[in-house]
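Peer 1: This is the content of protein.txt (compact mmCIF, C-alpha atoms):
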# COMPACT_ATOMS: atom_id res chain seq x y z
CA MET A 1 0.00 0.00 0.00
CA PHE A 2 1.13 3.57 -0.72
CA ILE A 3 0.28 6.60 1.43
CA LEU A 4 0.56 10.11 -0.07
CA LYS A 5 2.62 12.52 2.07
CA ASP A 6 0.75 15.79 1.14
CA LYS A 7 -2.62 14.71 2.50
CA ASN A 8 -3.22 17.92 4.51
CA VAL A 9 -2.79 20.09 1.43
CA LEU A 10 -5.15 17.88 -0.51
CA MET A 11 -7.79 18.03 2.21
CA THR A 12 -7.67 21.83 2.06
CA TYR A 13 -8.65 21.63 -1.60
CA ILE A 14 -11.44 19.19 -0.74
CA VAL A 15 -13.00 21.49 1.86
CA HIS A 16 -12.80 24.49 -0.49
CA VAL A 17 -14.33 22.75 -3.47
CA GLY A 18 -17.00 21.06 -1.39
CA ALA A 19 -18.02 24.36 0.22
CA CYS A 20 -18.15 26.08 -3.17
CA VAL A 21 -20.32 23.35 -4.65
CA GLY A 22 -22.53 23.38 -1.57
CA ILE A 23 -23.12 27.13 -1.76
CA HIS A 24 -24.09 27.17 -5.41
CA PHE A 25 -25.95 23.89 -5.77
CA GLY A 26 -28.09 24.41 -2.67
CA ARG A 27 -29.10 22.38 0.33
CA GLY A 28 -28.05 18.74 0.41
CA PHE A 29 -25.88 18.79 -2.70
CA GLY A 30 -22.78 20.09 -0.91
CA VAL A 31 -22.86 17.09 1.43
CA TRP A 32 -23.14 14.75 -1.53
CA ALA A 33 -20.24 16.54 -3.26
CA LEU A 34 -17.98 16.21 -0.23
CA TYR A 35 -18.82 12.52 0.03
CA PHE A 36 -18.06 12.02 -3.65
CA ILE A 37 -14.73 13.85 -3.36
CA LYS A 38 -13.86 11.84 -0.26
CA LEU A 39 -14.35 8.63 -2.22
CA CYS A 40 -12.11 9.95 -4.98
CA THR A 41 -9.48 10.92 -2.38
CA ASN A 42 -9.50 7.51 -0.73
CA SER A 43 -8.97 5.87 -4.07
CA MET A 44 -5.96 8.18 -4.61
CA PHE A 45 -4.49 7.73 -1.10
CA PHE A 46 -4.64 3.97 -0.97
CA ILE A 47 -3.59 2.30 -4.15
CA SER A 48 -2.74 -1.35 -4.48
CA GLN A 49 0.64 -1.57 -6.17
CA SER A 50 2.39 -4.45 -7.82
CA GLY A 51 5.33 -2.20 -8.66
CA VAL A 52 6.73 1.26 -7.89
CA VAL A 53 4.43 4.31 -8.31
CA LYS A 54 6.20 7.53 -9.11
CA GLN A 55 5.35 10.47 -6.83
CA ALA A 56 5.23 13.01 -9.67
CA ILE A 57 2.65 11.05 -11.67
CA HIS A 58 0.56 10.57 -8.55
CA ASN A 59 0.58 14.29 -7.74
CA MET A 60 -0.33 15.17 -11.33
CA ALA A 61 -3.34 12.89 -11.10
CA ASN A 62 -4.38 14.57 -7.86
CA MET A 63 -4.11 18.02 -9.36
CA ALA A 64 -6.00 16.99 -12.49
CA TRP A 65 -9.21 15.98 -10.76
CA LEU A 66 -8.98 18.78 -8.19
CA THR A 67 -8.59 21.38 -10.93
CA SER A 68 -11.54 19.89 -12.83
CA LEU A 69 -13.78 20.15 -9.79
CA PHE A 70 -12.65 23.70 -9.07
CA VAL A 71 -13.33 24.81 -12.69
CA LEU A 72 -16.73 23.14 -12.54
CA CYS A 73 -17.54 25.06 -9.36
CA ILE A 74 -16.49 28.41 -10.83
CA SER A 75 -18.36 27.74 -14.07
CA TYR A 76 -21.54 27.00 -12.19
CA SER A 77 -21.28 30.19 -10.17
CA VAL A 78 -20.98 32.20 -13.40
CA PHE A 79 -23.51 30.47 -15.64
CA ALA A 80 -26.03 29.04 -13.17
CA GLU A 81 -29.69 30.06 -13.50
CA PRO A 82 -30.49 32.60 -10.76
CA SER A 83 -33.14 31.72 -8.20
CA LEU A 84 -36.45 33.54 -8.57
CA THR A 85 -37.60 35.17 -5.34
CA GLU A 86 -41.10 35.65 -3.96
CA THR A 87 -40.46 39.39 -4.01
CA GLN A 88 -39.70 39.32 -7.74
CA VAL A 89 -42.84 37.28 -8.42
CA GLY A 90 -44.88 39.82 -6.47
CA GLN A 91 -43.43 42.68 -8.50
CA ILE A 92 -44.20 40.96 -11.80
CA LYS A 93 -47.70 40.13 -10.61
CA LYS A 94 -48.29 43.77 -9.70
CA LYS A 95 -47.42 44.82 -13.26
CA LEU A 96 -49.70 42.12 -14.66
CA THR A 97 -52.57 43.25 -12.42
CA THR A 98 -52.25 46.81 -13.72
CA LEU A 99 -52.17 45.62 -17.33
CA ILE A 100 -55.17 43.31 -17.04
CA SER A 101 -57.27 45.70 -14.95
CA ASN A 102 -56.74 48.68 -17.24
CA TYR A 103 -57.12 46.82 -20.53
CA LYS A 104 -60.79 47.17 -21.33
CA THR A 105 -62.71 47.07 -24.59
CA THR A 106 -65.57 49.49 -24.95
CA GLY A 107 -68.49 48.84 -27.24
CA LEU A 108 -68.97 45.28 -26.02
CA SER A 109 -70.72 46.41 -22.88
CA ARG A 110 -71.80 49.70 -21.45
CA ASN A 111 -69.22 49.86 -18.64
CA GLY A 112 -66.33 48.35 -20.54
CA PHE A 113 -65.22 44.72 -20.54
CA GLN A 114 -61.95 43.40 -19.08
CA ALA A 115 -61.12 41.40 -22.19
CA LEU A 116 -57.74 40.16 -21.01
CA ILE A 117 -59.19 38.15 -18.12
CA PRO A 118 -60.85 35.43 -20.25
CA ASN A 119 -58.37 35.73 -23.11
CA ILE A 120 -55.31 35.03 -20.93
CA VAL A 121 -57.06 32.07 -19.28
CA ARG A 122 -57.80 30.72 -22.76
CA LEU A 123 -54.15 31.32 -23.69
CA ASN A 124 -53.02 29.16 -20.75
CA PHE A 125 -55.12 26.25 -21.94
CA HIS A 126 -54.02 26.47 -25.57
CA ASP A 127 -50.35 26.87 -24.61
CA CYS A 128 -50.36 23.98 -22.15
CA VAL A 129 -51.79 21.50 -24.64
CA GLY A 130 -48.73 19.42 -25.44
CA GLY A 131 -46.82 21.01 -22.55
CA CYS A 132 -46.67 24.68 -21.54
CA ASP A 133 -43.89 26.21 -23.67
CA GLY A 134 -44.78 29.86 -24.30
CA CYS A 135 -45.64 29.20 -27.94
CA VAL A 136 -48.90 29.44 -29.88
CA ASN A 137 -49.56 29.02 -33.58
CA LEU A 138 -51.81 31.96 -34.46
CA LYS A 139 -52.25 30.60 -38.00
CA ASN A 140 -54.16 27.70 -36.49
CA SER A 141 -57.86 28.65 -36.69
CA ASP A 142 -58.43 27.23 -33.20
CA ASN A 143 -56.15 29.96 -31.83
CA LEU A 144 -57.79 32.93 -33.52
CA GLY A 145 -58.20 35.86 -31.14
CA LEU A 146 -55.34 34.94 -28.79
CA GLY A 147 -53.27 37.80 -30.14
CA VAL A 148 -55.46 40.02 -27.95
CA SER A 149 -53.48 38.83 -24.92
CA ILE A 150 -50.19 37.73 -26.50
CA ASP A 151 -49.37 41.19 -27.87
CA PRO A 152 -49.69 43.22 -24.63
CA LEU A 153 -48.08 40.43 -22.60
CA GLU A 154 -45.14 40.33 -25.00
CA LYS A 155 -44.65 44.08 -24.70
CA LEU A 156 -44.68 43.89 -20.89
CA TYR A 157 -42.31 40.92 -20.93
CA LYS A 158 -39.76 42.65 -23.17
CA ASP A 159 -40.04 46.17 -21.75
CA ASN A 160 -39.26 44.92 -18.25
CA LYS A 161 -36.63 42.40 -19.41
CA TYR A 162 -38.38 39.58 -17.58
CA ASN A 163 -36.57 37.10 -19.82
CA LYS A 164 -33.65 37.47 -17.36
CA LEU A 165 -35.88 36.12 -14.58
CA ILE A 166 -38.40 33.67 -16.02
CA SER A 167 -39.34 32.05 -19.31
CA ARG A 168 -42.21 33.30 -21.40
CA ALA A 169 -44.10 30.11 -20.54
CA ASP A 170 -43.75 30.91 -16.82
CA PHE A 171 -44.79 34.50 -17.48
CA TRP A 172 -47.96 33.40 -19.26
CA VAL A 173 -48.83 31.04 -16.41
CA LEU A 174 -48.37 33.81 -13.84
CA ALA A 175 -50.55 36.05 -16.01
CA GLY A 176 -53.24 33.36 -16.03
CA ILE A 177 -53.18 33.02 -12.25
CA THR A 178 -53.44 36.82 -11.93
CA ALA A 179 -56.35 36.95 -14.39
CA LEU A 180 -58.28 34.26 -12.52
CA GLU A 181 -57.81 36.05 -9.20
CA LEU A 182 -59.06 39.30 -10.75
CA GLY A 183 -62.02 37.48 -12.27
CA SER A 184 -63.01 36.07 -8.90
CA GLN A 185 -62.98 39.60 -7.47
CA ASN A 186 -65.68 40.58 -9.96
CA LEU A 187 -68.16 38.36 -8.17
CA ARG A 188 -71.20 40.49 -7.36
CA GLY A 189 -73.40 40.68 -4.28
CA ARG A 190 -71.37 38.68 -1.78
CA CYS A 191 -68.22 40.72 -2.46
CA ARG A 192 -70.05 44.01 -1.95
CA ARG A 193 -71.50 42.86 1.36
CA THR A 194 -68.48 41.14 2.89
CA ARG A 195 -65.64 42.77 0.91
CA SER A 196 -64.21 39.26 0.61
CA CYS A 197 -64.42 37.35 -2.66
CA PRO A 198 -63.67 33.62 -2.75
CA LYS A 199 -60.80 33.10 -5.14
CA PRO A 200 -58.96 30.17 -6.67
CA VAL A 201 -55.96 28.89 -4.71
CA LEU A 202 -53.20 28.61 -7.29
CA LYS A 203 -49.51 28.38 -6.47
CA PHE A 204 -46.94 29.68 -8.93
CA GLN A 205 -43.93 27.54 -9.74
CA TYR A 206 -41.32 28.25 -12.38
CA GLY A 207 -38.93 26.32 -14.60
CA ARG A 208 -40.95 25.89 -17.78
CA LYS A 209 -39.00 26.09 -21.03
CA ASP A 210 -39.91 28.15 -24.10
CA CYS A 211 -39.87 26.65 -27.56
CA LYS A 212 -37.04 27.99 -29.75
CA THR A 213 -39.36 30.31 -31.72
CA ALA A 214 -41.37 31.69 -28.78
CA PRO A 215 -43.93 33.22 -28.65
CA SER A 216 -44.91 31.84 -32.08
CA THR A 217 -44.67 28.37 -33.55
CA SER A 218 -45.69 26.53 -36.70
CA ALA A 219 -46.65 23.41 -34.75
CA LYS A 220 -50.33 22.52 -34.87
CA ARG A 221 -51.70 21.13 -31.64
CA GLU A 222 -54.97 19.27 -31.62
CA LEU A 223 -57.63 20.90 -29.45
CA PRO A 224 -60.96 19.41 -28.30
CA ASN A 225 -63.68 19.08 -30.93
CA ASN A 226 -66.36 21.69 -30.21
CA HIS A 227 -68.90 19.32 -31.75
CA GLY A 228 -67.79 16.37 -29.59
CA ASP A 229 -69.70 14.52 -26.88
CA LEU A 230 -68.81 13.63 -23.29
CA ALA A 231 -66.73 10.58 -24.25
CA HIS A 232 -64.61 12.73 -26.57
CA LEU A 233 -64.14 15.44 -23.94
CA LYS A 234 -63.19 13.05 -21.15
CA GLY A 235 -60.86 11.10 -23.42
CA TYR A 236 -59.09 14.22 -24.64
CA LEU A 237 -58.52 15.77 -21.19
CA ALA A 238 -57.49 12.43 -19.69
CA LYS A 239 -54.87 11.97 -22.41
CA GLU A 240 -53.64 15.57 -22.38
CA PHE A 241 -53.71 16.43 -18.67
CA ASP A 242 -54.50 13.14 -16.93
CA PHE A 243 -57.83 14.58 -15.74
CA ASN A 244 -60.40 12.35 -14.10
CA GLU A 245 -64.14 12.88 -14.53
CA ARG A 246 -64.52 15.39 -11.72
CA GLU A 247 -61.51 17.43 -12.90
CA THR A 248 -62.99 17.46 -16.41
CA VAL A 249 -66.26 18.94 -15.15
CA ALA A 250 -64.41 21.41 -12.90
CA ILE A 251 -62.06 22.82 -15.57
CA LEU A 252 -64.93 23.69 -17.92
CA GLY A 253 -66.11 26.18 -15.31
CA ALA A 254 -63.53 28.53 -16.82
CA HIS A 255 -66.24 29.10 -19.44
CA SER A 256 -67.86 31.42 -16.93
CA LEU A 257 -65.37 33.87 -18.46
CA GLY A 258 -65.55 35.31 -21.95
CA MET A 259 -67.62 34.39 -24.98
CA SER A 260 -67.43 32.76 -28.39
CA ARG A 261 -67.18 35.03 -31.42
CA ARG A 262 -68.15 34.26 -34.98
CA ASN A 263 -64.96 35.93 -36.26
CA ASN A 264 -62.87 33.45 -34.26
CA SER A 265 -64.45 30.06 -33.60
CA GLY A 266 -67.59 30.62 -35.65
CA PHE A 267 -69.81 30.17 -32.61
CA ALA A 268 -71.63 33.10 -31.01
CA GLY A 269 -72.41 34.23 -27.48
CA PRO A 270 -71.28 33.93 -23.84
CA TRP A 271 -71.61 30.84 -21.66
CA ALA A 272 -72.72 32.87 -18.65
CA PRO A 273 -74.33 36.29 -18.07
CA ARG A 274 -71.29 38.07 -16.59
CA ARG A 275 -68.29 37.17 -18.70
CA ALA A 276 -65.57 38.84 -16.58
CA GLU A 277 -66.69 37.00 -13.42
CA LEU A 278 -65.05 33.77 -12.33
CA SER A 279 -67.71 31.90 -10.40
CA ASN A 280 -70.04 28.92 -10.54
CA GLN A 281 -72.46 30.92 -12.72
CA TYR A 282 -71.52 28.59 -15.61
CA TYR A 283 -73.05 25.60 -13.81
CA ILE A 284 -76.07 27.59 -12.65
CA THR A 285 -76.74 28.68 -16.24
CA LEU A 286 -76.14 25.20 -17.69
CA SER A 287 -78.55 23.53 -15.27
CA SER A 288 -81.28 26.20 -15.50
CA GLY A 289 -84.01 26.43 -18.12
CA GLU A 290 -84.32 24.68 -21.45
CA TRP A 291 -81.97 24.66 -24.42
CA THR A 292 -82.40 24.32 -28.16
CA GLN A 293 -79.69 23.26 -30.60
CA GLY A 294 -79.18 25.28 -33.78
CA ASN A 295 -76.67 25.99 -36.52
CA VAL A 296 -75.14 29.49 -36.22
CA ARG A 297 -72.80 29.23 -39.19
CA ARG A 298 -72.25 32.56 -40.88
CA ARG A 299 -72.72 32.76 -44.63
CA GLY A 300 -69.52 32.30 -46.57
CA ARG A 301 -67.87 30.13 -43.91
CA ASN A 302 -67.29 26.43 -44.36
CA GLY A 303 -68.65 23.89 -41.95
CA ALA A 304 -71.62 23.85 -39.61
CA ARG A 305 -71.53 25.45 -36.18
CA TYR A 306 -74.08 23.73 -33.96
CA GLN A 307 -74.54 25.16 -30.47
CA TRP A 308 -77.19 25.12 -27.76
CA ASN A 309 -79.08 28.38 -27.24
CA GLN A 310 -81.25 29.62 -24.42
CA GLY A 311 -83.75 32.44 -24.78
CA GLY A 312 -84.59 34.36 -27.93
CA ARG A 313 -81.98 35.33 -30.49
CA VAL A 314 -78.67 33.52 -30.80
CA GLY A 315 -75.52 34.96 -29.22
CA GLY A 316 -75.53 38.68 -28.70
CA GLY A 317 -72.89 40.79 -27.08
CA GLY A 318 -74.89 43.41 -25.27
CA GLY A 319 -76.56 43.04 -21.95
CA GLY A 320 -75.78 44.43 -18.57
CA GLY A 321 -72.73 46.46 -17.73
CA GLY A 322 -69.59 44.97 -16.35
CA GLY A 323 -69.45 42.29 -18.98
CA GLY A 324 -73.06 41.13 -19.31
CA GLY A 325 -73.31 39.05 -22.46
CA GLY A 326 -76.96 38.92 -23.52
CA ASN A 327 -78.33 35.54 -24.64
CA VAL A 328 -76.22 32.64 -23.40
CA MET A 329 -75.15 29.54 -25.30
CA MET A 330 -73.39 26.21 -24.74
CA LEU A 331 -71.28 24.05 -27.03
CA ASN A 332 -71.76 20.29 -27.28
CA PRO A 333 -69.00 19.47 -24.73
CA ASP A 334 -70.67 21.87 -22.27
CA MET A 335 -74.13 20.43 -22.77
CA ALA A 336 -72.72 16.90 -22.53
CA LEU A 337 -71.90 17.57 -18.88
CA TRP A 338 -75.61 18.05 -18.17
CA ARG A 339 -77.53 16.05 -20.78
CA LYS A 340 -76.76 12.71 -22.41
CA ILE A 341 -76.57 14.07 -25.94
CA LYS A 342 -75.84 11.84 -28.91
CA VAL A 343 -74.19 13.64 -31.82
CA ASN A 344 -73.18 12.76 -35.37
CA SER A 345 -70.02 13.87 -37.20
CA GLN A 346 -71.57 17.29 -37.87
CA GLY A 347 -72.36 17.82 -34.19
CA VAL A 348 -76.12 17.38 -34.54
CA SER A 349 -77.79 15.76 -31.55
CA SER A 350 -80.22 12.94 -32.29
CA CYS A 351 -82.19 13.79 -29.16
CA THR A 352 -83.68 17.03 -27.88
CA PHE A 353 -82.82 18.68 -24.58
CA LYS A 354 -85.84 17.02 -22.92
CA SER A 355 -85.50 13.60 -24.49
CA CYS A 356 -81.73 13.19 -24.01
CA GLY A 357 -81.93 12.52 -20.28
CA GLU A 358 -79.32 13.39 -17.69
CA SER A 359 -75.62 12.88 -18.29
CA SER A 360 -73.46 10.74 -16.01
CA THR A 361 -71.80 13.96 -14.78
CA ALA A 362 -75.06 15.84 -14.09
CA SER A 363 -74.74 15.28 -10.35
CA ILE A 364 -71.36 17.07 -10.34
CA VAL A 365 -72.83 19.97 -12.32
CA ARG A 366 -75.65 20.21 -9.79
CA GLU A 367 -73.16 20.14 -6.90
CA TYR A 368 -71.08 22.96 -8.39
CA ALA A 369 -74.19 25.01 -9.15
CA LYS A 370 -75.06 24.92 -5.46
CA SER A 371 -71.61 25.78 -4.11
CA ASN A 372 -69.12 28.23 -5.56
CA THR A 373 -66.67 27.27 -2.80
CA ILE A 374 -66.66 23.57 -3.69
CA TRP A 375 -66.26 24.33 -7.38
CA LEU A 376 -63.38 26.79 -6.86
CA LYS A 377 -61.54 24.23 -4.75
CA ASP A 378 -61.84 21.55 -7.44
CA PHE A 379 -61.17 24.02 -10.24
CA SER A 380 -57.95 25.17 -8.56
CA LYS A 381 -56.63 21.61 -8.37
CA ALA A 382 -57.46 20.94 -12.01
CA TYR A 383 -55.98 24.24 -13.22
CA GLN A 384 -52.80 23.67 -11.21
CA LYS A 385 -52.48 20.31 -12.89
CA MET A 386 -52.99 21.85 -16.32
CA ILE A 387 -50.37 24.59 -15.95
CA SER A 388 -47.84 21.99 -14.80
CA SER A 389 -48.33 19.92 -17.94
CA GLY A 390 -45.10 18.55 -19.35
CA TYR A 391 -43.02 19.17 -16.20
CA LYS A 392 -42.15 17.06 -13.16
CA THR A 393 -39.56 19.26 -11.45
CA LEU A 394 -40.91 22.82 -11.35
CA LYS A 395 -39.35 25.06 -8.69
CA TRP A 396 -40.80 27.23 -5.96
CA PRO A 397 -39.78 30.90 -5.75
CA VAL A 398 -37.49 31.32 -2.75
CA LYS A 399 -37.89 33.68 0.14
CA LYS A 400 -35.43 36.54 0.33
CA THR A 401 -33.70 35.04 3.35
CA GLN A 402 -32.95 31.89 1.35
CA VAL A 403 -31.05 33.67 -1.40
CA GLY A 404 -27.28 33.43 -0.96
In structure tokens, how does this file's structure come out?
Peer 2:
Amino acid sequence: MFILKDKNVLMTYIVHVGACVGIHFGRGFGVWALYFIKLCTNSMFFISQSGVVKQAIHNMANMAWLTSLFVLCISYSVFAEPSLTETQVGQIKKKLTTLISNYKTTGLSRNGFQALIPNIVRLNFHDCVGGCDGCVNLKNSDNLGLGVSIDPLEKLYKDNKYNKLISRADFWVLAGITALELGSQNLRGRCRRTRSCPKPVLKFQYGRKDCKTAPSTSAKRELPNNHGDLAHLKGYLAKEFDFNERETVAILGAHSLGMSRRNNSGFAGPWAPRRAELSNQYYITLSSGEWTQGNVRRRGRNGARYQWNQGGRVGGGGGGGGGGGGNVMMLNPDMALWRKIKVNSQGVSSCTFKSCGESSTASIVREYAKSNTIWLKDFSKAYQKMISSGYKTLKWPVKKTQVG
């Protein structure tokens, strides 16, 4: 056996490198690094020899692996991704709140409509199909209208140089969380009396990666068929986001926000009366009154557009201030949550609203219609799952005291 004489000097290097690695790689990793280096050292100190080992060669070997570890440590400290803090997230969220709150479209309702609330939520869904990556193909007809939110978000992202802190995909997710919280604050009646609006509980994590061409892409991602039935909807969301039946019913409550437009999807009208309000009004509307299916295809456009209408004329964009949407409508996947519709390839139901009978998920719709609190709890879990699509190791923003 051969014992190296300069062991104390070598151990000094070990402590230095281990401490450096520990500082930059975070909790736990420094201990692992020291253990790894100790194993390497033992293998260098005690070497079985059948002949004579030259001291110079041995020392060169020592210096080689020590230098490699030291360079690795320095490289990490220079090129490592900085940790995002809770304070930084709060600052970004404040900017997003100002943007979303002040961005209103007049002409759609008397008091102005906060168009970015539903549009950003829709953007989250379309972006996270296939994995959230900060990229949307606006040439895909299913994505028409998403430029309404992408353009102002892109300006805010670039003007504030947020690319140095988080990816565009993370930025869009944080914008979606902010939009949902603002939408829940638009809840009428209860908020005015108690000054406390129930809101979704969504926790922001970061670490999503943008596609190389963000925010645009030429990739075409398949979205749910608006003429599909319950089996299609459940199958799609189970495959895409691993949703179960209850999560499928819960996530469609996002349709309490916004409306369909003929210029985009070809369908017409809001799902719920107040389209800037995130609440269980979607389920209340779906389970109230009677519905009639009709084709709302505009002349000159290809393909039928069958939707379920309630009340007089189809669609409409007027109605009460604060985002009231006039006559409400539902698409086949919405109606399939409540009634057991049977549709053909064109989306036409073979049974009427009365003759279809209740869907297997009708009891969940009824439960959500009775309790906004229960729905928001389930919706939050489903939405959190959706915005984590494609990632297993997202990171939590660190508190200021944790930043070294």
Peer 1: Calculated over all atoms listed in the file, which of the candidates A:Lys239, A:Arg168, A:Lys234, A:Lys370 has the smallest distance to Arg208 in chain A?
Peer 2: A:Arg168
Peer 1: Between CA of Phe243 in chain A and CA of Phe171 in chain A, what is the distance, to one decimal in Å?
Peer 2: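 Taking CA of Phe243 in chain A and CA of Phe171 in chain A, their separation equals 23.9 Å.
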Peer 1: Neighbouring residues of range 347-356 of chain A were defined as those with any atom within 10 Å, considering all atoms listed in the file; residues of the same chain fewer than 2 positions away were excluded. Please report them as a VMD selection string.
Peer 2: chain A and resid 225 to 229 290 to 295 304 to 308 331 to 332 335 to 336 338 to 345 358 to 359
Peer 1: Using all atoms listed in the file, which residue out of A:Asn186, A:Ser149, A:Thr217, A:Asn244 lies closest to Ala276 in chain A?
Peer 2: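 Comparing A:Asn186, A:Ser149, A:Thr217, A:Asn244 against Ala276 in chain A, the winner is A:Asn186.
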Peer 1: Need the shell around range 116-130 of chain A: protein/DNA/RNA residues with any atom at most 6 Å away, counting all atoms listed in the file. Skip same-chain ones fewer than 3 positions apart. Format as a ChimeraX atom specification?
Peer 2: /A:100,149,176,179,257-258
Peer 1: Would you mind listing what lies within 12 Å of Ser288 in chain A as a ChimeraX atom specification, with all atoms listed in the file counted and same-chain residues fewer than 3 positions away left out?
Peer 2: /A:272,281-285,291,310-311,328,335,338,353,365-366,369-370
Peer 1: Could those selected residues go to a file with C-alpha atoms, as an mmCIF file, in the coordinates of the input?
Peer 2:
data_model
loop_
_atom_site.group_PDB
_atom_site.id
_atom_site.type_symbol
_atom_site.label_atom_id
_atom_site.label_comp_id
_atom_site.auth_asym_id
_atom_site.auth_seq_id
_atom_site.Cartn_x
_atom_site.Cartn_y
_atom_site.Cartn_z
ATOM 1 C CA ALA A 272 -72.720 32.870 -18.650
ATOM 2 C CA GLN A 281 -72.460 30.920 -12.720
ATOM 3 C CA TYR A 282 -71.520 28.590 -15.610
ATOM 4 C CA TYR A 283 -73.050 25.600 -13.810
ATOM 5 C CA ILE A 284 -76.070 27.590 -12.650
ATOM 6 C CA THR A 285 -76.740 28.680 -16.240
ATOM 7 C CA TRP A 291 -81.970 24.660 -24.420
ATOM 8 C CA GLN A 310 -81.250 29.620 -24.420
ATOM 9 C CA GLY A 311 -83.750 32.440 -24.780
ATOM 10 C CA VAL A 328 -76.220 32.640 -23.400
ATOM 11 C CA MET A 335 -74.130 20.430 -22.770
ATOM 12 C CA TRP A 338 -75.610 18.050 -18.170
ATOM 13 C CA PHE A 353 -82.820 18.680 -24.580
ATOM 14 C CA VAL A 365 -72.830 19.970 -12.320
ATOM 15 C CA ARG A 366 -75.650 20.210 -9.790
ATOM 16 C CA ALA A 369 -74.190 25.010 -9.150
ATOM 17 C CA LYS A 370 -75.060 24.920 -5.460
#
Peer 1: In Å to one decimal, how far is CA of Ala115 in chain A from CA of Gly269 in chain A?
Peer 2: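 Pair CA of Gly269 in chain A / CA of Ala115 in chain A returns 14.4 Å.
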Peer 1: Report, in Å to a single decimal, how far apart CA of Tyr103 in chain A and CA of Val201 in chain A are.
Peer 2: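 Computed distance, CA of Val201 in chain A to CA of Tyr103 in chain A, equals 23.9 Å.
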Peer 1: Using all atoms listed in the file, which protein or nucleic acid residues come within 8 Å of Cys135 in chain A? Drop anything in the same chain fewer than 4 positions from it, and give the result as a PyMOL selection string.
Peer 2: chain A and resi 127+169+210-211+213-217
Peer 1: Please give the centre and size of the box around range 232-237 of chain A (axis-aligned, containing every atom listed in the file, 3 Å added per side), with values in Å to one decimal and written as lines of an AutoDock Vina configuration file.
Peer 2:
center_x = -61.6
center_y = 13.4
center_z = -23.9
size_x = 12.1
size_y = 10.7
size_z = 11.4
Peer 1: So which one's closest to Lys139 in chain A, A:Ser265, A:Ser260, A:Thr248, A:Ser218? Using only C-alpha atoms, please.
Peer 2: A:Ser218
Peer 1: I'd like to know which of A:Lys93, A:Lys212, A:Lys164, A:Arg246 is closest to Asp378 in chain A, using all atoms listed in the file.
Peer 2: A:Arg246
Peer 1: Counting all atoms listed in the file, which of A:Asn263, A:Ser363, A:Asn372, A:Asn327 gets nearest to Asp142 in chain A?
Peer 2: A:Asn263
Peer 1: Go through A:Ile92, A:Cys197, A:Val296, A:Leu337 and flag the residue nearest Ala231 in chain A, using all atoms listed in the file for the distances.
Peer 2: A:Leu337
